[in-house]
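Pasting final.cif here (mmCIF, N, CA and C atoms):
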```cif
data_upload
loop_
_atom_site.label_atom_id
_atom_site.label_comp_id
_atom_site.auth_asym_id
_atom_site.auth_seq_id
_atom_site.Cartn_x
_atom_site.Cartn_y
_atom_site.Cartn_z
N SER A 1 -0.52 -3.62 -192.53
CA SER A 1 -0.83 -2.22 -192.31
C SER A 1 0.47 -1.41 -192.34
N PRO A 2 0.40 -0.17 -192.69
CA PRO A 2 1.60 0.68 -192.79
C PRO A 2 2.29 0.85 -191.43
N GLU A 3 3.56 1.19 -191.50
CA GLU A 3 4.34 1.48 -190.29
C GLU A 3 3.61 2.52 -189.46
N GLY A 4 3.55 2.28 -188.16
CA GLY A 4 2.91 3.22 -187.25
C GLY A 4 1.44 2.96 -187.03
N THR A 5 0.86 2.01 -187.76
CA THR A 5 -0.54 1.64 -187.55
C THR A 5 -0.59 0.20 -187.05
N ALA A 6 -1.70 -0.14 -186.41
CA ALA A 6 -1.80 -1.49 -185.84
C ALA A 6 -3.14 -2.11 -186.17
N GLY A 7 -3.12 -3.41 -186.36
CA GLY A 7 -4.36 -4.18 -186.44
C GLY A 7 -4.63 -4.69 -185.04
N ASP A 8 -4.82 -5.98 -184.90
CA ASP A 8 -4.95 -6.57 -183.57
C ASP A 8 -3.61 -6.46 -182.86
N TYR A 9 -3.65 -6.26 -181.55
CA TYR A 9 -2.39 -6.17 -180.82
C TYR A 9 -2.55 -6.73 -179.41
N SER A 10 -1.41 -7.02 -178.81
CA SER A 10 -1.35 -7.52 -177.45
C SER A 10 -0.12 -6.91 -176.80
N ARG A 11 -0.28 -6.34 -175.62
CA ARG A 11 0.85 -5.73 -174.92
C ARG A 11 1.73 -6.81 -174.30
N VAL A 12 3.02 -6.67 -174.49
CA VAL A 12 3.99 -7.62 -173.96
C VAL A 12 4.16 -7.41 -172.46
N GLU A 13 4.20 -6.16 -172.03
CA GLU A 13 4.44 -5.78 -170.64
C GLU A 13 5.74 -6.40 -170.16
N SER A 14 5.77 -7.10 -169.03
CA SER A 14 7.03 -7.64 -168.52
C SER A 14 7.24 -9.11 -168.90
N ARG A 15 6.36 -9.67 -169.73
CA ARG A 15 6.47 -11.08 -170.11
C ARG A 15 7.53 -11.27 -171.19
N LEU A 16 8.15 -12.47 -171.17
CA LEU A 16 9.11 -12.84 -172.20
C LEU A 16 8.43 -13.55 -173.37
N GLU A 17 7.23 -14.09 -173.13
CA GLU A 17 6.47 -14.79 -174.17
C GLU A 17 5.04 -14.29 -174.14
N ARG A 18 4.40 -14.42 -175.28
CA ARG A 18 3.00 -13.99 -175.37
C ARG A 18 2.29 -14.84 -176.42
N ASP A 19 1.14 -15.40 -176.08
CA ASP A 19 0.32 -16.12 -177.04
C ASP A 19 -0.50 -15.12 -177.83
N ILE A 20 -0.61 -15.37 -179.12
CA ILE A 20 -1.46 -14.53 -179.96
C ILE A 20 -2.37 -15.44 -180.77
N LYS A 21 -3.50 -14.92 -181.16
CA LYS A 21 -4.46 -15.68 -181.94
C LYS A 21 -4.23 -15.40 -183.42
N ALA A 22 -4.14 -16.47 -184.21
CA ALA A 22 -3.94 -16.31 -185.65
C ALA A 22 -5.20 -15.74 -186.29
N PRO A 23 -5.03 -14.98 -187.35
CA PRO A 23 -6.20 -14.47 -188.07
C PRO A 23 -7.08 -15.61 -188.59
N ALA A 24 -8.36 -15.37 -188.72
CA ALA A 24 -9.30 -16.39 -189.19
C ALA A 24 -9.16 -16.65 -190.69
N GLU A 25 -8.72 -15.66 -191.43
CA GLU A 25 -8.63 -15.79 -192.89
C GLU A 25 -7.23 -16.21 -193.32
N PRO A 26 -7.11 -17.20 -194.23
CA PRO A 26 -5.80 -17.55 -194.77
C PRO A 26 -5.17 -16.35 -195.47
N GLY A 27 -3.85 -16.29 -195.43
CA GLY A 27 -3.14 -15.20 -196.10
C GLY A 27 -1.79 -14.96 -195.46
N PHE A 28 -1.10 -13.96 -195.96
CA PHE A 28 0.20 -13.58 -195.43
C PHE A 28 0.03 -12.41 -194.47
N TYR A 29 0.68 -12.54 -193.32
CA TYR A 29 0.58 -11.53 -192.27
C TYR A 29 1.97 -11.22 -191.75
N GLU A 30 2.04 -10.21 -190.91
CA GLU A 30 3.30 -9.83 -190.28
C GLU A 30 3.05 -9.61 -188.80
N ILE A 31 3.90 -10.21 -187.97
CA ILE A 31 3.87 -9.97 -186.53
C ILE A 31 4.94 -8.93 -186.25
N ARG A 32 4.58 -7.89 -185.51
CA ARG A 32 5.52 -6.81 -185.23
C ARG A 32 5.69 -6.62 -183.73
N TYR A 33 6.91 -6.34 -183.34
CA TYR A 33 7.22 -5.91 -181.98
C TYR A 33 7.41 -4.40 -182.08
N VAL A 34 6.44 -3.67 -181.54
CA VAL A 34 6.39 -2.21 -181.74
C VAL A 34 6.62 -1.49 -180.42
N LEU A 35 7.50 -0.52 -180.46
CA LEU A 35 7.76 0.33 -179.30
C LEU A 35 6.56 1.26 -179.11
N ASN A 36 6.02 1.31 -177.91
CA ASN A 36 4.84 2.13 -177.64
C ASN A 36 5.11 3.60 -177.94
N GLU A 37 6.25 4.08 -177.49
CA GLU A 37 6.60 5.49 -177.72
C GLU A 37 7.05 5.65 -179.16
N GLY A 38 6.31 6.37 -179.94
CA GLY A 38 6.67 6.62 -181.34
C GLY A 38 6.16 5.57 -182.32
N ALA A 39 5.56 4.50 -181.81
CA ALA A 39 5.00 3.43 -182.66
C ALA A 39 6.01 2.93 -183.69
N ARG A 40 7.26 2.76 -183.25
CA ARG A 40 8.33 2.31 -184.15
C ARG A 40 8.48 0.80 -184.07
N THR A 41 8.54 0.12 -185.21
CA THR A 41 8.71 -1.33 -185.26
C THR A 41 10.16 -1.68 -184.94
N LEU A 42 10.37 -2.50 -183.91
CA LEU A 42 11.71 -2.92 -183.51
C LEU A 42 12.09 -4.25 -184.14
N ALA A 43 11.10 -5.11 -184.40
CA ALA A 43 11.34 -6.41 -185.02
C ALA A 43 10.05 -6.87 -185.68
N SER A 44 10.18 -7.70 -186.71
CA SER A 44 8.98 -8.23 -187.36
C SER A 44 9.26 -9.64 -187.87
N GLN A 45 8.18 -10.40 -188.06
CA GLN A 45 8.28 -11.77 -188.55
C GLN A 45 7.09 -12.03 -189.45
N ASP A 46 7.36 -12.55 -190.65
CA ASP A 46 6.27 -12.91 -191.56
C ASP A 46 5.58 -14.17 -191.05
N LEU A 47 4.29 -14.26 -191.34
CA LEU A 47 3.47 -15.40 -190.92
C LEU A 47 2.49 -15.71 -192.04
N GLU A 48 2.42 -16.98 -192.43
CA GLU A 48 1.40 -17.40 -193.39
C GLU A 48 0.37 -18.24 -192.66
N VAL A 49 -0.88 -17.86 -192.77
CA VAL A 49 -1.99 -18.63 -192.22
C VAL A 49 -2.59 -19.42 -193.38
N VAL A 50 -2.64 -20.75 -193.22
CA VAL A 50 -3.19 -21.60 -194.28
C VAL A 50 -4.52 -22.17 -193.84
N ASP A 51 -5.33 -22.54 -194.81
CA ASP A 51 -6.62 -23.17 -194.54
C ASP A 51 -6.38 -24.49 -193.81
N ALA A 52 -7.31 -24.87 -192.95
CA ALA A 52 -7.18 -26.12 -192.19
C ALA A 52 -7.04 -27.33 -193.09
N ASN A 53 -7.55 -27.27 -194.31
CA ASN A 53 -7.47 -28.39 -195.25
C ASN A 53 -6.35 -28.24 -196.27
N ALA A 54 -5.44 -27.30 -196.06
CA ALA A 54 -4.36 -27.07 -197.01
C ALA A 54 -3.41 -28.26 -197.04
N ALA A 55 -2.91 -28.56 -198.22
CA ALA A 55 -1.93 -29.65 -198.36
C ALA A 55 -0.65 -29.28 -197.62
N LEU A 56 -0.06 -30.25 -196.96
CA LEU A 56 1.17 -30.01 -196.22
C LEU A 56 2.39 -30.51 -196.99
N ASP A 57 2.21 -30.83 -198.25
CA ASP A 57 3.28 -31.32 -199.09
C ASP A 57 3.14 -30.66 -200.45
N ALA A 58 4.09 -29.86 -200.82
CA ALA A 58 4.03 -29.14 -202.09
C ALA A 58 4.63 -29.98 -203.21
N GLY A 59 4.27 -31.26 -203.27
CA GLY A 59 4.72 -32.14 -204.35
C GLY A 59 6.06 -32.80 -204.12
N ILE A 60 6.63 -32.66 -202.93
CA ILE A 60 7.95 -33.23 -202.67
C ILE A 60 7.86 -34.72 -202.31
N GLY A 61 6.69 -35.19 -201.85
CA GLY A 61 6.51 -36.61 -201.55
C GLY A 61 7.34 -37.09 -200.38
N LEU A 62 7.37 -36.33 -199.30
CA LEU A 62 8.14 -36.68 -198.11
C LEU A 62 7.55 -37.90 -197.43
N SER A 63 8.41 -38.85 -197.06
CA SER A 63 7.95 -40.09 -196.42
C SER A 63 8.81 -40.38 -195.19
N VAL A 64 8.15 -40.51 -194.03
CA VAL A 64 8.83 -40.84 -192.77
C VAL A 64 7.93 -41.80 -191.99
N PRO A 65 8.51 -42.59 -191.08
CA PRO A 65 7.66 -43.44 -190.25
C PRO A 65 6.82 -42.60 -189.29
N ALA A 66 5.65 -43.11 -188.92
CA ALA A 66 4.76 -42.38 -188.01
C ALA A 66 5.28 -42.39 -186.58
N GLN A 67 6.05 -43.43 -186.20
CA GLN A 67 6.57 -43.55 -184.84
C GLN A 67 8.03 -43.95 -184.88
N ALA A 68 8.74 -43.61 -183.81
CA ALA A 68 10.14 -43.99 -183.65
C ALA A 68 10.46 -44.09 -182.17
N ASN A 69 11.46 -44.88 -181.86
CA ASN A 69 11.94 -44.99 -180.49
C ASN A 69 12.87 -43.82 -180.19
N PRO A 70 12.96 -43.41 -178.92
CA PRO A 70 13.89 -42.34 -178.56
C PRO A 70 15.32 -42.69 -178.97
N GLY A 71 16.00 -41.77 -179.60
CA GLY A 71 17.38 -41.96 -180.01
C GLY A 71 17.57 -42.81 -181.26
N ALA A 72 16.51 -43.35 -181.81
CA ALA A 72 16.62 -44.23 -182.98
C ALA A 72 16.88 -43.42 -184.25
N SER A 73 17.45 -44.08 -185.25
CA SER A 73 17.59 -43.49 -186.57
C SER A 73 16.41 -43.90 -187.42
N ILE A 74 15.88 -42.97 -188.19
CA ILE A 74 14.80 -43.27 -189.12
C ILE A 74 15.26 -42.96 -190.53
N THR A 75 14.64 -43.62 -191.49
CA THR A 75 14.92 -43.34 -192.90
C THR A 75 13.90 -42.33 -193.40
N VAL A 76 14.39 -41.25 -193.96
CA VAL A 76 13.56 -40.21 -194.55
C VAL A 76 13.78 -40.28 -196.06
N SER A 77 12.68 -40.29 -196.82
CA SER A 77 12.81 -40.30 -198.28
C SER A 77 11.83 -39.31 -198.89
N TRP A 78 12.08 -38.96 -200.13
CA TRP A 78 11.20 -38.04 -200.86
C TRP A 78 11.26 -38.41 -202.33
N SER A 79 10.20 -38.06 -203.05
CA SER A 79 10.12 -38.40 -204.47
C SER A 79 10.32 -37.20 -205.38
N GLY A 80 10.16 -36.00 -204.87
CA GLY A 80 10.35 -34.79 -205.67
C GLY A 80 11.81 -34.51 -205.94
N GLU A 81 12.05 -33.60 -206.85
CA GLU A 81 13.41 -33.25 -207.24
C GLU A 81 14.00 -32.20 -206.30
N VAL A 82 15.28 -32.37 -205.98
CA VAL A 82 16.03 -31.35 -205.25
C VAL A 82 16.46 -30.33 -206.28
N GLU A 83 15.99 -29.12 -206.14
CA GLU A 83 16.22 -28.09 -207.16
C GLU A 83 17.23 -27.03 -206.74
N SER A 84 17.74 -27.14 -205.51
CA SER A 84 18.63 -26.10 -205.00
C SER A 84 19.56 -26.69 -203.96
N ALA A 85 20.76 -26.15 -203.89
CA ALA A 85 21.70 -26.56 -202.85
C ALA A 85 21.25 -26.07 -201.48
N ASP A 86 20.23 -25.22 -201.44
CA ASP A 86 19.71 -24.68 -200.19
C ASP A 86 18.53 -25.48 -199.65
N GLN A 87 18.25 -26.65 -200.20
CA GLN A 87 17.14 -27.47 -199.71
C GLN A 87 17.66 -28.44 -198.65
N ARG A 88 16.90 -28.57 -197.57
CA ARG A 88 17.32 -29.34 -196.40
C ARG A 88 16.19 -30.21 -195.87
N ILE A 89 16.58 -31.25 -195.15
CA ILE A 89 15.66 -32.03 -194.33
C ILE A 89 15.94 -31.60 -192.90
N ALA A 90 14.91 -31.10 -192.23
CA ALA A 90 15.07 -30.58 -190.87
C ALA A 90 14.19 -31.36 -189.91
N LEU A 91 14.68 -31.55 -188.71
CA LEU A 91 13.91 -32.16 -187.62
C LEU A 91 13.66 -31.08 -186.58
N ALA A 92 12.40 -30.94 -186.19
CA ALA A 92 12.02 -29.91 -185.21
C ALA A 92 10.93 -30.46 -184.30
N ARG A 93 10.76 -29.84 -183.15
CA ARG A 93 9.58 -30.13 -182.34
C ARG A 93 8.37 -29.72 -183.16
N ALA A 94 7.26 -30.39 -182.99
CA ALA A 94 6.06 -30.09 -183.80
C ALA A 94 5.60 -28.65 -183.61
N ASP A 95 5.88 -28.06 -182.45
CA ASP A 95 5.43 -26.68 -182.19
C ASP A 95 6.51 -25.63 -182.49
N GLN A 96 7.61 -26.05 -183.05
CA GLN A 96 8.74 -25.16 -183.30
C GLN A 96 8.53 -24.39 -184.62
N ALA A 97 9.02 -23.17 -184.69
CA ALA A 97 8.90 -22.34 -185.89
C ALA A 97 9.51 -23.04 -187.10
N ASP A 98 8.96 -22.76 -188.28
CA ASP A 98 9.36 -23.47 -189.49
C ASP A 98 10.85 -23.43 -189.80
N PHE A 99 11.50 -22.32 -189.62
CA PHE A 99 12.90 -22.23 -189.99
C PHE A 99 13.82 -22.24 -188.78
N SER A 100 13.45 -23.06 -187.80
CA SER A 100 14.31 -23.40 -186.67
C SER A 100 14.23 -24.91 -186.54
N TRP A 101 15.27 -25.52 -186.00
CA TRP A 101 15.30 -26.98 -185.98
C TRP A 101 16.23 -27.50 -184.91
N ILE A 102 16.09 -28.81 -184.65
CA ILE A 102 16.96 -29.54 -183.74
C ILE A 102 18.16 -30.07 -184.51
N ALA A 103 17.89 -30.59 -185.71
CA ALA A 103 18.93 -31.14 -186.58
C ALA A 103 18.54 -30.84 -188.02
N VAL A 104 19.55 -30.73 -188.89
CA VAL A 104 19.27 -30.44 -190.30
C VAL A 104 20.36 -31.09 -191.16
N GLN A 105 19.97 -31.59 -192.33
CA GLN A 105 20.90 -32.18 -193.28
C GLN A 105 20.54 -31.69 -194.68
N ALA A 106 21.54 -31.60 -195.54
CA ALA A 106 21.29 -31.23 -196.93
C ALA A 106 20.50 -32.33 -197.63
N ALA A 107 19.53 -31.94 -198.44
CA ALA A 107 18.77 -32.90 -199.25
C ALA A 107 19.57 -33.14 -200.52
N GLY A 108 19.92 -34.39 -200.77
CA GLY A 108 20.74 -34.71 -201.93
C GLY A 108 19.97 -35.42 -203.03
N ALA A 109 20.65 -35.69 -204.12
CA ALA A 109 20.04 -36.35 -205.28
C ALA A 109 19.64 -37.79 -204.99
N GLU A 110 20.21 -38.40 -203.95
CA GLU A 110 19.90 -39.80 -203.63
C GLU A 110 18.50 -39.99 -203.04
N LYS A 111 17.84 -38.92 -202.65
CA LYS A 111 16.45 -38.90 -202.19
C LYS A 111 16.16 -39.75 -200.96
N THR A 112 17.18 -40.01 -200.15
CA THR A 112 16.98 -40.71 -198.89
C THR A 112 18.12 -40.35 -197.94
N LEU A 113 17.82 -40.32 -196.66
CA LEU A 113 18.86 -40.10 -195.65
C LEU A 113 18.39 -40.65 -194.31
N GLU A 114 19.32 -40.81 -193.40
CA GLU A 114 19.03 -41.27 -192.04
C GLU A 114 19.03 -40.07 -191.12
N LEU A 115 18.05 -40.03 -190.23
CA LEU A 115 17.90 -38.92 -189.30
C LEU A 115 17.73 -39.49 -187.90
N GLN A 116 18.55 -39.04 -186.96
CA GLN A 116 18.47 -39.54 -185.59
C GLN A 116 17.42 -38.76 -184.81
N MET A 117 16.54 -39.52 -184.15
CA MET A 117 15.49 -38.92 -183.34
C MET A 117 16.04 -38.47 -181.99
N PRO A 118 15.41 -37.49 -181.37
CA PRO A 118 15.82 -37.05 -180.03
C PRO A 118 15.60 -38.15 -178.99
N ASN A 119 16.26 -38.01 -177.87
CA ASN A 119 16.09 -38.96 -176.77
C ASN A 119 14.81 -38.71 -175.98
N ASP A 120 14.25 -37.52 -176.11
CA ASP A 120 13.02 -37.17 -175.38
C ASP A 120 11.79 -37.56 -176.19
N ALA A 121 10.83 -38.19 -175.51
CA ALA A 121 9.56 -38.55 -176.15
C ALA A 121 8.80 -37.28 -176.52
N GLY A 122 7.99 -37.36 -177.56
CA GLY A 122 7.17 -36.22 -177.96
C GLY A 122 6.84 -36.25 -179.43
N ARG A 123 6.14 -35.20 -179.87
CA ARG A 123 5.76 -35.05 -181.29
C ARG A 123 6.81 -34.18 -181.98
N TYR A 124 7.38 -34.73 -183.03
CA TYR A 124 8.38 -34.03 -183.82
C TYR A 124 7.92 -33.95 -185.26
N GLU A 125 8.51 -33.02 -185.99
CA GLU A 125 8.14 -32.85 -187.39
C GLU A 125 9.40 -32.90 -188.25
N VAL A 126 9.35 -33.72 -189.30
CA VAL A 126 10.40 -33.74 -190.30
C VAL A 126 9.92 -32.82 -191.42
N ARG A 127 10.78 -31.89 -191.82
CA ARG A 127 10.40 -30.88 -192.82
C ARG A 127 11.38 -30.89 -193.99
N PHE A 128 10.86 -30.78 -195.18
CA PHE A 128 11.67 -30.55 -196.36
C PHE A 128 11.58 -29.05 -196.63
N ILE A 129 12.69 -28.35 -196.44
CA ILE A 129 12.65 -26.89 -196.52
C ILE A 129 13.59 -26.36 -197.60
N ASP A 130 13.23 -25.24 -198.14
CA ASP A 130 14.07 -24.50 -199.07
C ASP A 130 14.45 -23.21 -198.35
N ILE A 131 15.70 -23.15 -197.91
CA ILE A 131 16.15 -22.03 -197.08
C ILE A 131 16.14 -20.72 -197.87
N SER A 132 16.69 -20.72 -199.07
CA SER A 132 16.76 -19.47 -199.83
C SER A 132 15.38 -19.00 -200.28
N GLY A 133 14.47 -19.93 -200.57
CA GLY A 133 13.11 -19.57 -200.97
C GLY A 133 12.16 -19.38 -199.81
N ARG A 134 12.65 -19.64 -198.59
CA ARG A 134 11.84 -19.52 -197.37
C ARG A 134 10.51 -20.26 -197.50
N GLN A 135 10.59 -21.55 -197.95
CA GLN A 135 9.40 -22.37 -198.11
C GLN A 135 9.56 -23.70 -197.43
N VAL A 136 8.46 -24.20 -196.87
CA VAL A 136 8.40 -25.58 -196.40
C VAL A 136 7.70 -26.35 -197.51
N LEU A 137 8.43 -27.28 -198.14
CA LEU A 137 7.90 -28.00 -199.29
C LEU A 137 7.22 -29.30 -198.90
N GLY A 138 7.45 -29.75 -197.68
CA GLY A 138 6.80 -30.95 -197.18
C GLY A 138 7.04 -31.07 -195.69
N ARG A 139 6.11 -31.73 -195.00
CA ARG A 139 6.27 -31.93 -193.56
C ARG A 139 5.52 -33.18 -193.15
N SER A 140 6.03 -33.84 -192.12
CA SER A 140 5.39 -35.05 -191.63
C SER A 140 5.71 -35.22 -190.14
N ILE A 141 4.71 -35.63 -189.38
CA ILE A 141 4.86 -35.82 -187.93
C ILE A 141 5.43 -37.20 -187.62
N VAL A 142 6.36 -37.24 -186.65
CA VAL A 142 6.90 -38.49 -186.11
C VAL A 142 6.68 -38.44 -184.60
N GLU A 143 6.03 -39.45 -184.07
CA GLU A 143 5.80 -39.56 -182.63
C GLU A 143 6.94 -40.38 -182.03
N VAL A 144 7.73 -39.77 -181.15
CA VAL A 144 8.82 -40.47 -180.48
C VAL A 144 8.30 -40.94 -179.14
N LYS A 145 8.28 -42.28 -178.95
CA LYS A 145 7.82 -42.84 -177.68
C LYS A 145 8.43 -44.19 -177.41
#
```
Go ahead and render the structure in this file as structure tokens.
Amino acid sequence: SPEGTAGDYSRVESRLERDIKAPAEPGFYEIRYVLNEGARTLASQDLEVVDANAALDAGIGLSVPAQANPGASITVSWSGEVESADQRIALARADQADFSWIAVQAAGAEKTLELQMPNDAGRYEVRFIDISGRQVLGRSIVEVK
């Protein structure tokens, strides 16, 4: 929607965090932090909502083990081509935003690398990302326990 107009909204009030419900329809959306006085956008973030059955691998062929021990190193491999110096393998908490991470390494032509898991148990996600294209080309969950 144009600047100064709103779709669904939720008041932040004095909270530092706020849960919002994703739109029901797949597509590209924008989350805005809007000043009440003057309806001026102070910050915004793009959001893509995908269908529940959408492929989570855009042909990169990311392969990681399903489980790992805390602090262990795992082998990450992929079959797709590295097309940019801006492509990375990133490790993040499963609930962490796509372009934030705990650890990141450049994806090289050798198509394999070692990635150290966190010491804390939980669900983590290994992502093959293209930073300049702002795309996640593949993702896979690793359960650390």
#### Entry: strand (DSSP E or B) residues, from DSSP on the backbone, in region 6-127 of chain A, as a count of residues only
50
### Task
For the structure provided, state which residues fall under the PyMOL selection byres ((chain A and resi 145) around 5), and present them as a count of residues only.
6
### Output of the PyMOL selection byres (((chain A and resi 78 and name CA) around 9) and name CA), listed as a PyMOL selection string
chain A and resi 60-64+76-77+79-81+111-112+128
### Residues matched by the PyMOL selection byres ((chain A and resi 4-12) around 6.5), written as number ranges by chain
A: 1-3, 13-15, 38-41
Using only N, CA and C atoms, which residues of region 106-135 of chain A come within 6 Å of region 82-102 of chain A, and what is the closest atom pair for each, with the distance in Å to one decimal? Give it as a tab-separated table, sorted by chain and residue number.
```
residue	atom	partner	partner_atom	distance
A:Ala106	CA	A:Arg88	CA	4.4
A:Ala107	N	A:Gln87	C	4.0
A:Arg123	C	A:Ala94	N	3.9
A:Tyr124	CA	A:Ala94	N	3.9
A:Glu125	N	A:Ala92	C	3.9
A:Val126	CA	A:Ala90	C	4.5
A:Arg127	N	A:Ala90	C	3.9
A:Phe128	CA	A:Arg88	C	4.6
A:Ile129	C	A:Arg88	N	4.0
A:Asp130	CA	A:Gln87	CA	4.3
A:Ile131	N	A:Asp86	C	4.1
A:Ser132	N	A:Asp86	CA	5.1
```
#### Entry: Å distance separating CA of Glu30 (chain A) from CA of Ala43 (chain A), one decimal place
10.2 Å
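Atom pair CA of Phe28 (chain A) / CA of Ala58 (chain A): separated by 17.4 Å.
You will find atom N of Arg18 (chain A) at 24.0 Å from atom N of Val136 (chain A).
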Please return the centre and edge lengths, in Å to one decimal, of a box with edges along x, y and z that contains all listed atoms of region 68-87 of chain A, widened by 4 Å on every side, as AutoDock Vina command-line options.
```
--center_x 15.2 --center_y -34.8 --center_z -192.9 --size_x 21.0 --size_y 28.3 --size_z 36.7
```
### Message
Let me make sure I understand: among A:Ile74, A:Leu35, A:Ile141, A:Ile20, which one has the smallest atom-to-atom distance to Leu115 (chain A) if we use only C-alpha atoms?
### Response
A:Ile74
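Taking only C-alpha atoms into account, Thr75 (chain A) lies nearest to A:Glu114 out of the set A:Glu37, A:Glu114, A:Gly59, A:Pro26.
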